[in-house]
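A.B. asks: For reference, the file protein_0.cif (mmCIF, C-alpha atoms) is included below:
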```
data_coords
loop_
_atom_site.group_PDB
_atom_site.id
_atom_site.type_symbol
_atom_site.label_atom_id
_atom_site.label_comp_id
_atom_site.auth_asym_id
_atom_site.auth_seq_id
_atom_site.Cartn_x
_atom_site.Cartn_y
_atom_site.Cartn_z
ATOM 1 C CA ASP A 56 27.020 37.831 41.751
ATOM 2 C CA PRO A 57 29.671 35.426 43.118
ATOM 3 C CA SER A 58 26.950 33.005 44.237
ATOM 4 C CA GLU A 59 25.494 32.691 40.745
ATOM 5 C CA VAL A 60 26.127 29.318 39.130
ATOM 6 C CA ALA A 61 27.830 29.663 35.763
ATOM 7 C CA LEU A 62 26.235 28.146 32.672
ATOM 8 C CA THR A 63 28.517 25.517 31.137
ATOM 9 C CA ASP A 64 26.248 24.067 28.459
ATOM 10 C CA ILE A 65 22.641 23.551 27.418
ATOM 11 C CA ALA A 66 20.614 20.355 27.198
ATOM 12 C CA VAL A 67 18.194 20.214 24.278
ATOM 13 C CA SER A 68 15.479 17.639 23.720
ATOM 14 C CA PRO A 69 14.491 15.853 21.681
ATOM 15 C CA ALA A 70 17.780 15.175 19.900
ATOM 16 C CA SER A 71 15.837 14.197 16.777
ATOM 17 C CA MET A 72 12.281 14.279 15.496
ATOM 18 C CA THR A 73 10.276 12.292 12.990
ATOM 19 C CA LEU A 74 7.029 14.031 12.153
ATOM 20 C CA GLU A 75 4.199 13.495 9.724
ATOM 21 C CA VAL A 76 3.244 16.388 7.480
ATOM 22 C CA GLY A 77 1.076 18.682 9.592
ATOM 23 C CA GLY A 78 2.386 17.210 12.843
ATOM 24 C CA THR A 79 3.916 19.232 15.663
ATOM 25 C CA SER A 80 6.474 18.851 18.410
ATOM 26 C CA THR A 81 8.002 21.096 21.051
ATOM 27 C CA ILE A 82 11.599 21.889 21.913
ATOM 28 C CA THR A 83 12.781 21.805 25.499
ATOM 29 C CA VAL A 84 15.988 23.546 26.593
ATOM 30 C CA LYS A 85 17.516 23.263 30.052
ATOM 31 C CA PRO A 86 20.655 24.829 31.555
ATOM 32 C CA VAL A 87 23.700 22.784 32.456
ATOM 33 C CA PRO A 88 24.107 22.571 35.372
ATOM 34 C CA ASP A 89 20.413 22.758 36.120
ATOM 35 C CA THR A 90 21.062 25.303 38.880
ATOM 36 C CA ALA A 91 22.416 27.782 36.357
ATOM 37 C CA THR A 92 20.244 30.469 34.804
ATOM 38 C CA LEU A 93 19.114 29.738 31.269
ATOM 39 C CA PRO A 94 19.430 32.795 29.028
ATOM 40 C CA ASN A 95 16.903 33.548 26.312
ATOM 41 C CA TRP A 96 17.315 31.035 23.523
ATOM 42 C CA THR A 97 16.450 30.853 19.850
ATOM 43 C CA ALA A 98 15.614 28.020 17.468
ATOM 44 C CA THR A 99 15.998 28.283 13.689
ATOM 45 C CA ALA A 100 15.370 25.739 10.931
ATOM 46 C CA SER A 101 17.728 25.153 8.019
ATOM 47 C CA ASN A 102 14.877 25.207 5.488
ATOM 48 C CA THR A 103 11.116 25.440 5.094
ATOM 49 C CA VAL A 104 10.468 21.732 5.690
ATOM 50 C CA VAL A 105 9.514 22.815 9.222
ATOM 51 C CA SER A 106 8.542 26.092 10.828
ATOM 52 C CA ILE A 107 9.072 27.188 14.434
ATOM 53 C CA SER A 108 6.597 29.385 16.271
ATOM 54 C CA ASP A 109 7.369 31.966 18.933
ATOM 55 C CA ASN A 110 6.547 29.429 21.636
ATOM 56 C CA LYS A 111 9.065 27.021 20.088
ATOM 57 C CA THR A 112 6.486 24.648 18.578
ATOM 58 C CA VAL A 113 7.836 22.862 15.509
ATOM 59 C CA THR A 114 5.348 22.275 12.685
ATOM 60 C CA ALA A 115 6.070 19.897 9.798
ATOM 61 C CA ASN A 116 5.271 21.569 6.486
ATOM 62 C CA SER A 117 6.478 19.177 3.797
ATOM 63 C CA VAL A 118 8.289 15.888 3.256
ATOM 64 C CA GLY A 119 12.041 16.148 3.713
ATOM 65 C CA ASP A 120 14.855 16.678 6.213
ATOM 66 C CA SER A 121 15.746 19.744 8.230
ATOM 67 C CA VAL A 122 18.170 20.756 10.960
ATOM 68 C CA ILE A 123 17.053 22.953 13.848
ATOM 69 C CA THR A 124 19.796 24.955 15.562
ATOM 70 C CA VAL A 125 19.138 25.976 19.150
ATOM 71 C CA LYS A 126 21.291 28.787 20.600
ATOM 72 C CA ALA A 127 21.486 30.030 24.164
ATOM 73 C CA GLY A 128 24.288 32.412 25.001
ATOM 74 C CA ALA A 129 27.565 30.944 23.778
ATOM 75 C CA TYR A 130 26.131 27.453 23.428
ATOM 76 C CA SER A 131 24.278 25.738 20.617
ATOM 77 C CA LYS A 132 22.830 22.333 19.815
ATOM 78 C CA THR A 133 21.198 20.848 16.734
ATOM 79 C CA ILE A 134 18.078 18.722 16.282
ATOM 80 C CA GLN A 135 17.750 16.438 13.254
ATOM 81 C CA VAL A 136 14.229 16.495 11.836
ATOM 82 C CA LYS A 137 12.680 14.101 9.334
ATOM 83 C CA VAL A 138 9.218 14.806 7.945
ATOM 84 C CA VAL A 139 7.268 12.002 6.316
ATOM 85 C CA GLN A 140 3.849 11.608 4.745
ATOM 86 C CA LYS A 141 2.076 8.434 5.771
ATOM 87 C CA VAL A 142 -0.016 6.507 3.274
ATOM 88 C CA ASN A 143 -3.771 7.165 3.495
ATOM 89 C CA VAL A 144 -5.231 4.882 0.837
ATOM 90 C CA ILE A 145 -4.095 1.989 -1.366
ATOM 91 C CA THR A 146 -6.283 0.881 -4.266
ATOM 92 C CA VAL A 147 -5.542 -2.391 -6.060
ATOM 93 C CA THR A 148 -6.849 -3.003 -9.568
ATOM 94 C CA PRO A 149 -8.319 -4.907 -11.319
ATOM 95 C CA SER A 150 -10.770 -6.542 -8.929
ATOM 96 C CA ASN A 151 -13.847 -8.769 -8.941
ATOM 97 C CA ARG A 152 -12.596 -10.810 -11.876
ATOM 98 C CA THR A 153 -13.532 -14.412 -12.695
ATOM 99 C CA LEU A 154 -10.634 -16.451 -14.061
ATOM 100 C CA THR A 155 -9.692 -20.052 -14.761
ATOM 101 C CA VAL A 156 -6.979 -22.154 -13.163
ATOM 102 C CA GLY A 157 -3.723 -21.440 -14.977
ATOM 103 C CA ASP A 158 -4.652 -17.855 -15.855
ATOM 104 C CA THR A 159 -2.240 -15.008 -15.088
ATOM 105 C CA LEU A 160 -3.230 -11.460 -14.186
ATOM 106 C CA THR A 161 -1.171 -8.357 -13.303
ATOM 107 C CA PHE A 162 -2.372 -6.155 -10.447
ATOM 108 C CA THR A 163 -1.405 -2.525 -9.808
ATOM 109 C CA ALA A 164 -1.388 -0.647 -6.495
ATOM 110 C CA ALA A 165 -2.184 3.087 -6.465
ATOM 111 C CA VAL A 166 -0.762 4.676 -3.303
ATOM 112 C CA SER A 167 -2.163 7.981 -1.998
ATOM 113 C CA PRO A 168 -1.119 10.665 -1.385
ATOM 114 C CA GLU A 169 1.559 10.879 -4.070
ATOM 115 C CA ASN A 170 4.177 12.293 -1.693
ATOM 116 C CA ALA A 171 3.889 9.303 0.636
ATOM 117 C CA ASN A 172 6.277 6.354 0.506
ATOM 118 C CA GLN A 173 5.142 4.437 -2.595
ATOM 119 C CA SER A 174 6.643 1.098 -1.559
ATOM 120 C CA VAL A 175 4.248 -1.798 -0.939
ATOM 121 C CA GLU A 176 4.450 -5.439 0.100
ATOM 122 C CA TRP A 177 2.325 -7.942 -1.835
ATOM 123 C CA SER A 178 0.617 -11.084 -0.589
ATOM 124 C CA CYS A 179 -2.210 -13.387 -1.587
ATOM 125 C CA SER A 180 -4.655 -15.460 0.404
ATOM 126 C CA PRO A 181 -4.927 -18.415 0.402
ATOM 127 C CA ALA A 182 -1.151 -18.384 -0.120
ATOM 128 C CA THR A 183 -1.190 -21.767 -1.878
ATOM 129 C CA ALA A 184 -3.832 -20.682 -4.382
ATOM 130 C CA ALA A 185 -1.495 -18.644 -6.554
ATOM 131 C CA THR A 186 2.095 -17.823 -7.426
ATOM 132 C CA LEU A 187 2.796 -14.127 -6.924
ATOM 133 C CA THR A 188 5.703 -12.236 -8.488
ATOM 134 C CA ALA A 189 6.053 -8.684 -7.160
ATOM 135 C CA SER A 190 7.757 -5.805 -8.937
ATOM 136 C CA GLY A 191 7.312 -2.490 -7.151
ATOM 137 C CA LYS A 192 3.698 -1.392 -7.322
ATOM 138 C CA GLN A 193 2.785 -4.264 -9.641
ATOM 139 C CA ALA A 194 2.292 -7.947 -8.939
ATOM 140 C CA THR A 195 1.800 -10.686 -11.505
ATOM 141 C CA VAL A 196 -0.253 -13.575 -10.172
ATOM 142 C CA LYS A 197 -0.701 -17.034 -11.673
ATOM 143 C CA PHE A 198 -3.721 -18.786 -10.236
ATOM 144 C CA GLU A 199 -2.956 -22.406 -9.409
ATOM 145 C CA SER A 200 -6.167 -23.808 -7.960
ATOM 146 C CA ALA A 201 -9.923 -23.291 -8.069
ATOM 147 C CA GLN A 202 -11.125 -20.958 -5.322
ATOM 148 C CA ASP A 203 -14.351 -19.127 -4.578
ATOM 149 C CA GLN A 204 -12.184 -16.147 -3.623
ATOM 150 C CA VAL A 205 -8.505 -15.268 -3.809
ATOM 151 C CA THR A 206 -7.500 -11.978 -2.188
ATOM 152 C CA ILE A 207 -4.499 -10.061 -3.506
ATOM 153 C CA THR A 208 -3.260 -7.488 -0.970
ATOM 154 C CA ALA A 209 -0.796 -4.589 -1.137
ATOM 155 C CA LYS A 210 0.402 -3.241 2.232
ATOM 156 C CA ALA A 211 2.214 0.054 2.844
ATOM 157 C CA THR A 212 5.759 -0.292 4.187
ATOM 158 C CA ASP A 213 5.798 3.058 6.014
ATOM 159 C CA GLY A 214 4.358 1.704 9.255
ATOM 160 C CA SER A 215 0.872 3.039 8.596
ATOM 161 C CA ASN A 216 -0.450 -0.537 8.111
ATOM 162 C CA VAL A 217 -2.703 0.725 5.311
ATOM 163 C CA THR A 218 -3.712 -2.013 2.885
ATOM 164 C CA GLY A 219 -5.612 -2.337 -0.351
ATOM 165 C CA SER A 220 -6.894 -5.536 -1.910
ATOM 166 C CA ALA A 221 -8.538 -7.075 -4.939
ATOM 167 C CA THR A 222 -10.551 -10.287 -5.116
ATOM 168 C CA VAL A 223 -10.685 -12.908 -7.838
ATOM 169 C CA LYS A 224 -12.833 -15.989 -8.318
ATOM 170 C CA VAL A 225 -10.947 -18.887 -9.895
ATOM 171 C CA LEU A 226 -12.871 -21.568 -11.780
ATOM 172 C CA PRO A 227 -11.494 -25.037 -12.510
ATOM 173 C CA LYS A 228 -10.457 -25.903 -16.037
ATOM 174 C CA VAL A 229 -13.034 -27.553 -18.235
ATOM 175 C CA GLU A 230 -12.321 -31.286 -18.315
ATOM 176 C CA SER A 231 -15.063 -32.423 -20.674
ATOM 177 C CA VAL A 232 -18.009 -31.217 -22.716
ATOM 178 C CA SER A 233 -20.653 -33.697 -23.814
ATOM 179 C CA LEU A 234 -23.859 -33.313 -25.815
ATOM 180 C CA ASP A 235 -27.106 -35.114 -25.109
ATOM 181 C CA LYS A 236 -27.280 -36.199 -28.748
ATOM 182 C CA SER A 237 -24.541 -37.630 -30.917
ATOM 183 C CA GLU A 238 -26.557 -37.367 -34.137
ATOM 184 C CA LEU A 239 -29.374 -35.200 -35.477
ATOM 185 C CA LYS A 240 -31.545 -36.029 -38.449
ATOM 186 C CA MET A 241 -33.257 -32.906 -39.689
ATOM 187 C CA THR A 242 -35.137 -31.648 -42.705
ATOM 188 C CA VAL A 243 -34.581 -28.292 -44.369
ATOM 189 C CA GLY A 244 -36.116 -25.521 -42.272
ATOM 190 C CA SER A 245 -36.566 -27.618 -39.144
ATOM 191 C CA THR A 246 -34.974 -26.897 -35.761
ATOM 192 C CA ALA A 247 -33.586 -29.039 -33.009
ATOM 193 C CA SER A 248 -32.041 -28.457 -29.599
ATOM 194 C CA LEU A 249 -28.863 -29.731 -28.062
ATOM 195 C CA LYS A 250 -27.974 -29.751 -24.377
ATOM 196 C CA ALA A 251 -24.333 -29.572 -23.366
ATOM 197 C CA THR A 252 -22.926 -30.823 -20.067
ATOM 198 C CA VAL A 253 -19.716 -29.233 -18.856
ATOM 199 C CA LEU A 254 -17.579 -30.955 -16.235
ATOM 200 C CA PRO A 255 -16.636 -30.174 -13.582
ATOM 201 C CA GLU A 256 -19.810 -28.328 -12.687
ATOM 202 C CA LYS A 257 -17.918 -25.350 -11.260
ATOM 203 C CA ALA A 258 -16.028 -24.774 -14.494
ATOM 204 C CA THR A 259 -17.170 -22.030 -16.822
ATOM 205 C CA GLN A 260 -20.500 -22.851 -18.442
ATOM 206 C CA GLN A 261 -20.037 -20.406 -21.292
ATOM 207 C CA LEU A 262 -19.943 -22.314 -24.550
ATOM 208 C CA LYS A 263 -19.734 -21.415 -28.209
ATOM 209 C CA TYR A 264 -21.532 -23.679 -30.648
ATOM 210 C CA GLU A 265 -20.112 -24.183 -34.130
ATOM 211 C CA SER A 266 -21.183 -26.258 -37.095
ATOM 212 C CA SER A 267 -18.799 -27.765 -39.629
ATOM 213 C CA LYS A 268 -21.286 -26.785 -42.337
ATOM 214 C CA THR A 269 -23.655 -23.851 -42.324
ATOM 215 C CA SER A 270 -25.621 -24.757 -45.457
#
```
Kindly transcribe the structure held in the file into structure tokens.
C.D. replies:
Amino acid sequence: DPSEVALTDIAVSPASMTLEVGGTSTITVKPVPDTATLPNWTATASNTVVSISDNKTVTANSVGDSVITVKAGAYSKTIQVKVVQKVNVITVTPSNRTLTVGDTLTFTAAVSPENANQSVEWSCSPATAATLTASGKQATVKFESAQDQVTITAKATDGSNVTGSATVKVLPKVESVSLDKSELKMTVGSTASLKATVLPEKATQQLKYESSKTS
């Protein structure tokens, strides 16, 4: 038909896709010029990272990269596909510890699922309460000041904004221990009591009593 507009190319969208595992997207193909007739077209993936249904829906199967080739008549276009697995859960251990100013503790982040990006960013709050040294999924923290609660947080870097955290109570260092008696006069077989005062009051009150002679 002399009046039929000749196809000179095809327009394919999107030009690229980033999908999460299990996610879907659709391919749209238009004739160029748009008054031309679009012939039947096909879409094939370079691997099994994605699959393409009969209605041209793309489904992400596993983490990785793939190239979709779209063909219509003598023309073809490619779509770059990246499939990612977002982080679901981050667990930071240990937690609920009670430490003393000056103590150091190493924390570990477990990122799930395993095929998600394992990179995390570490932080602590209050920021001035501790010195944090990060190394991958571990962070070594030195606690600098007494706090009722210091929160150590690991945040996913994949855009999911998933976080995990651990909390620590930090007690001040013991500055002094005094006894209510400086001398005891006792007979064999008798007992006596001593009361210790630990300062500051918020420091650990756990004490171990020792005698220079046990006989």
A.B. asks: Given the file shown, determine the residues that the PyMOL selection byres ((chain A and resi 149) around 10) selects; report them as JSON, numbers by chain.
C.D. replies: {"A": [146, 147, 148, 150, 151, 152, 160, 161, 162, 163, 164, 220, 221, 222, 223]}
A.B. asks: Can you spit out the residues from that selection as an mmCIF file, keeping the file's coordinate frame, using C-alpha atoms?
C.D. replies:
```cif
data_model
loop_
_atom_site.group_PDB
_atom_site.id
_atom_site.type_symbol
_atom_site.label_atom_id
_atom_site.label_comp_id
_atom_site.auth_asym_id
_atom_site.auth_seq_id
_atom_site.Cartn_x
_atom_site.Cartn_y
_atom_site.Cartn_z
ATOM 1 C CA THR A 146 -6.283 0.881 -4.266
ATOM 2 C CA VAL A 147 -5.542 -2.391 -6.060
ATOM 3 C CA THR A 148 -6.849 -3.003 -9.568
ATOM 4 C CA SER A 150 -10.770 -6.542 -8.929
ATOM 5 C CA ASN A 151 -13.847 -8.769 -8.941
ATOM 6 C CA ARG A 152 -12.596 -10.810 -11.876
ATOM 7 C CA LEU A 160 -3.230 -11.460 -14.186
ATOM 8 C CA THR A 161 -1.171 -8.357 -13.303
ATOM 9 C CA PHE A 162 -2.372 -6.155 -10.447
ATOM 10 C CA THR A 163 -1.405 -2.525 -9.808
ATOM 11 C CA ALA A 164 -1.388 -0.647 -6.495
ATOM 12 C CA SER A 220 -6.894 -5.536 -1.910
ATOM 13 C CA ALA A 221 -8.538 -7.075 -4.939
ATOM 14 C CA THR A 222 -10.551 -10.287 -5.116
ATOM 15 C CA VAL A 223 -10.685 -12.908 -7.838
#
```
A.B. asks: Compile the contact shell of Met72 of chain A as number ranges by chain: residues with an atom at most 10 Å away, counting all atoms listed in the file, same-chain residues fewer than 4 positions apart removed.
C.D. replies: A: 68, 79-82, 113, 120-122, 134-138
A.B. asks: Export C-alpha atoms of the chosen residues as a short mmCIF file (atom, residue, chain, number, x, y, z; two decimals), in the coordinates of the input?
C.D. replies:
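again22.cif, written as the output of this step:
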```
data_model
loop_
_atom_site.label_atom_id
_atom_site.label_comp_id
_atom_site.auth_asym_id
_atom_site.auth_seq_id
_atom_site.Cartn_x
_atom_site.Cartn_y
_atom_site.Cartn_z
CA SER A 68 15.48 17.64 23.72
CA THR A 79 3.92 19.23 15.66
CA SER A 80 6.47 18.85 18.41
CA THR A 81 8.00 21.10 21.05
CA ILE A 82 11.60 21.89 21.91
CA VAL A 113 7.84 22.86 15.51
CA ASP A 120 14.86 16.68 6.21
CA SER A 121 15.75 19.74 8.23
CA VAL A 122 18.17 20.76 10.96
CA ILE A 134 18.08 18.72 16.28
CA GLN A 135 17.75 16.44 13.25
CA VAL A 136 14.23 16.50 11.84
CA LYS A 137 12.68 14.10 9.33
CA VAL A 138 9.22 14.81 7.94
#
```
A.B. asks: I'd like the neighbourhood of Pro94 of chain A as an NGL selection string, where a residue qualifies if any of its atoms comes within 10 Å (using all atoms listed in the file), though same-chain residues fewer than 5 positions away should be ignored.
C.D. replies: :A and (62 or 65 or 85-86 or 126-129)
A.B. asks: Applying the PyMOL selection byres ((chain A and resi 102) around 12) to the file I just gave you, which residues come out? Please list them as number ranges by chain.
C.D. replies: A: 99-101, 103-107, 115-124, 136-137
A.B. asks: Name every residue that the PyMOL selection byres ((chain A and resi 208-210) around 7) selects in this structure, writing the answer as a ChimeraX atom specification with chains first and numbers rising.
C.D. replies: /A:164,175-179,206-207,211-212,216-221
A.B. asks: Would you export the selected residues with C-alpha atoms as a PDB file, keeping the file's coordinate frame, please?
C.D. replies:
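Full text of selection.pdb as output:
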```pdb
ATOM      1  CA  ALA A 164      -1.388  -0.647  -6.495  1.00  0.00           C
ATOM      2  CA  VAL A 175       4.248  -1.798  -0.939  1.00  0.00           C
ATOM      3  CA  GLU A 176       4.450  -5.439   0.100  1.00  0.00           C
ATOM      4  CA  TRP A 177       2.325  -7.942  -1.835  1.00  0.00           C
ATOM      5  CA  SER A 178       0.617 -11.084  -0.589  1.00  0.00           C
ATOM      6  CA  CYS A 179      -2.210 -13.387  -1.587  1.00  0.00           C
ATOM      7  CA  THR A 206      -7.500 -11.978  -2.188  1.00  0.00           C
ATOM      8  CA  ILE A 207      -4.499 -10.061  -3.506  1.00  0.00           C
ATOM      9  CA  ALA A 211       2.214   0.054   2.844  1.00  0.00           C
ATOM     10  CA  THR A 212       5.759  -0.292   4.187  1.00  0.00           C
ATOM     11  CA  ASN A 216      -0.450  -0.537   8.111  1.00  0.00           C
ATOM     12  CA  VAL A 217      -2.703   0.725   5.311  1.00  0.00           C
ATOM     13  CA  THR A 218      -3.712  -2.013   2.885  1.00  0.00           C
ATOM     14  CA  GLY A 219      -5.612  -2.337  -0.351  1.00  0.00           C
ATOM     15  CA  SER A 220      -6.894  -5.536  -1.910  1.00  0.00           C
ATOM     16  CA  ALA A 221      -8.538  -7.075  -4.939  1.00  0.00           C
TER      17      ALA A 221
END
```
A.B. asks: With only C-alpha atoms counted, which protein, DNA or RNA residues have an atom no more than 12 Å from (-3.6, -18.0, -16.2) in the file frame? Please answer as a compact mmCIF listing (two decimals) with C-alpha atoms, in the frame of the given file.
C.D. replies:
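What landed in out.txt:
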```txt
# COMPACT_ATOMS: atom_id res chain seq x y z
CA THR A 153 -13.53 -14.41 -12.70
CA LEU A 154 -10.63 -16.45 -14.06
CA THR A 155 -9.69 -20.05 -14.76
CA VAL A 156 -6.98 -22.15 -13.16
CA GLY A 157 -3.72 -21.44 -14.98
CA ASP A 158 -4.65 -17.86 -15.86
CA THR A 159 -2.24 -15.01 -15.09
CA LEU A 160 -3.23 -11.46 -14.19
CA THR A 161 -1.17 -8.36 -13.30
CA ALA A 185 -1.50 -18.64 -6.55
CA THR A 186 2.10 -17.82 -7.43
CA LEU A 187 2.80 -14.13 -6.92
CA THR A 195 1.80 -10.69 -11.50
CA VAL A 196 -0.25 -13.58 -10.17
CA LYS A 197 -0.70 -17.03 -11.67
CA PHE A 198 -3.72 -18.79 -10.24
CA GLU A 199 -2.96 -22.41 -9.41
CA SER A 200 -6.17 -23.81 -7.96
CA ALA A 201 -9.92 -23.29 -8.07
CA VAL A 225 -10.95 -18.89 -9.90
CA LEU A 226 -12.87 -21.57 -11.78
CA PRO A 227 -11.49 -25.04 -12.51
CA LYS A 228 -10.46 -25.90 -16.04
```
A.B. asks: From the list A:Gly78, A:Gly214, A:Pro88, A:Pro181, which residue is nearest Val60 of chain A when using only C-alpha atoms?
C.D. replies: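 Counting only C-alpha atoms, the residue closest to Val60 of chain A is A:Pro88.
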A.B. asks: Please indicate the distance in Å from atom CA of Ala189 of chain A to atom CA of Gln202 of chain A, rounded to one decimal place.
C.D. replies: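 Result for atom CA of Ala189 of chain A versus atom CA of Gln202 of chain A: 21.2 Å, one decimal.
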A.B. asks: Please report the interatomic distance between atom CA of Val205 of chain A and atom CA of Ser167 of chain A in Å with one decimal.
C.D. replies: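 Interatomic distance here is 24.2 Å.
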A.B. asks: How many Å lie between atom CA of Pro168 of chain A and atom CA of Ala182 of chain A, rounded to one decimal?
C.D. replies: 29.1 Å
A.B. asks: For Gln193 of chain A, which of A:Asn172, A:Val166, A:Ser215, A:Thr83 is the closest residue, counting all atoms listed in the file?
C.D. replies: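 Using all atoms listed in the file, the shortest distance to Gln193 of chain A belongs to A:Val166.
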A.B. asks: So, with only C-alpha atoms as the atoms that count, which of A:Gln140, A:Val84, A:Asp203, A:Asp213 lies closest to Ser174 of chain A?
C.D. replies: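 So, comparing all the options, the nearest one is A:Asp213.
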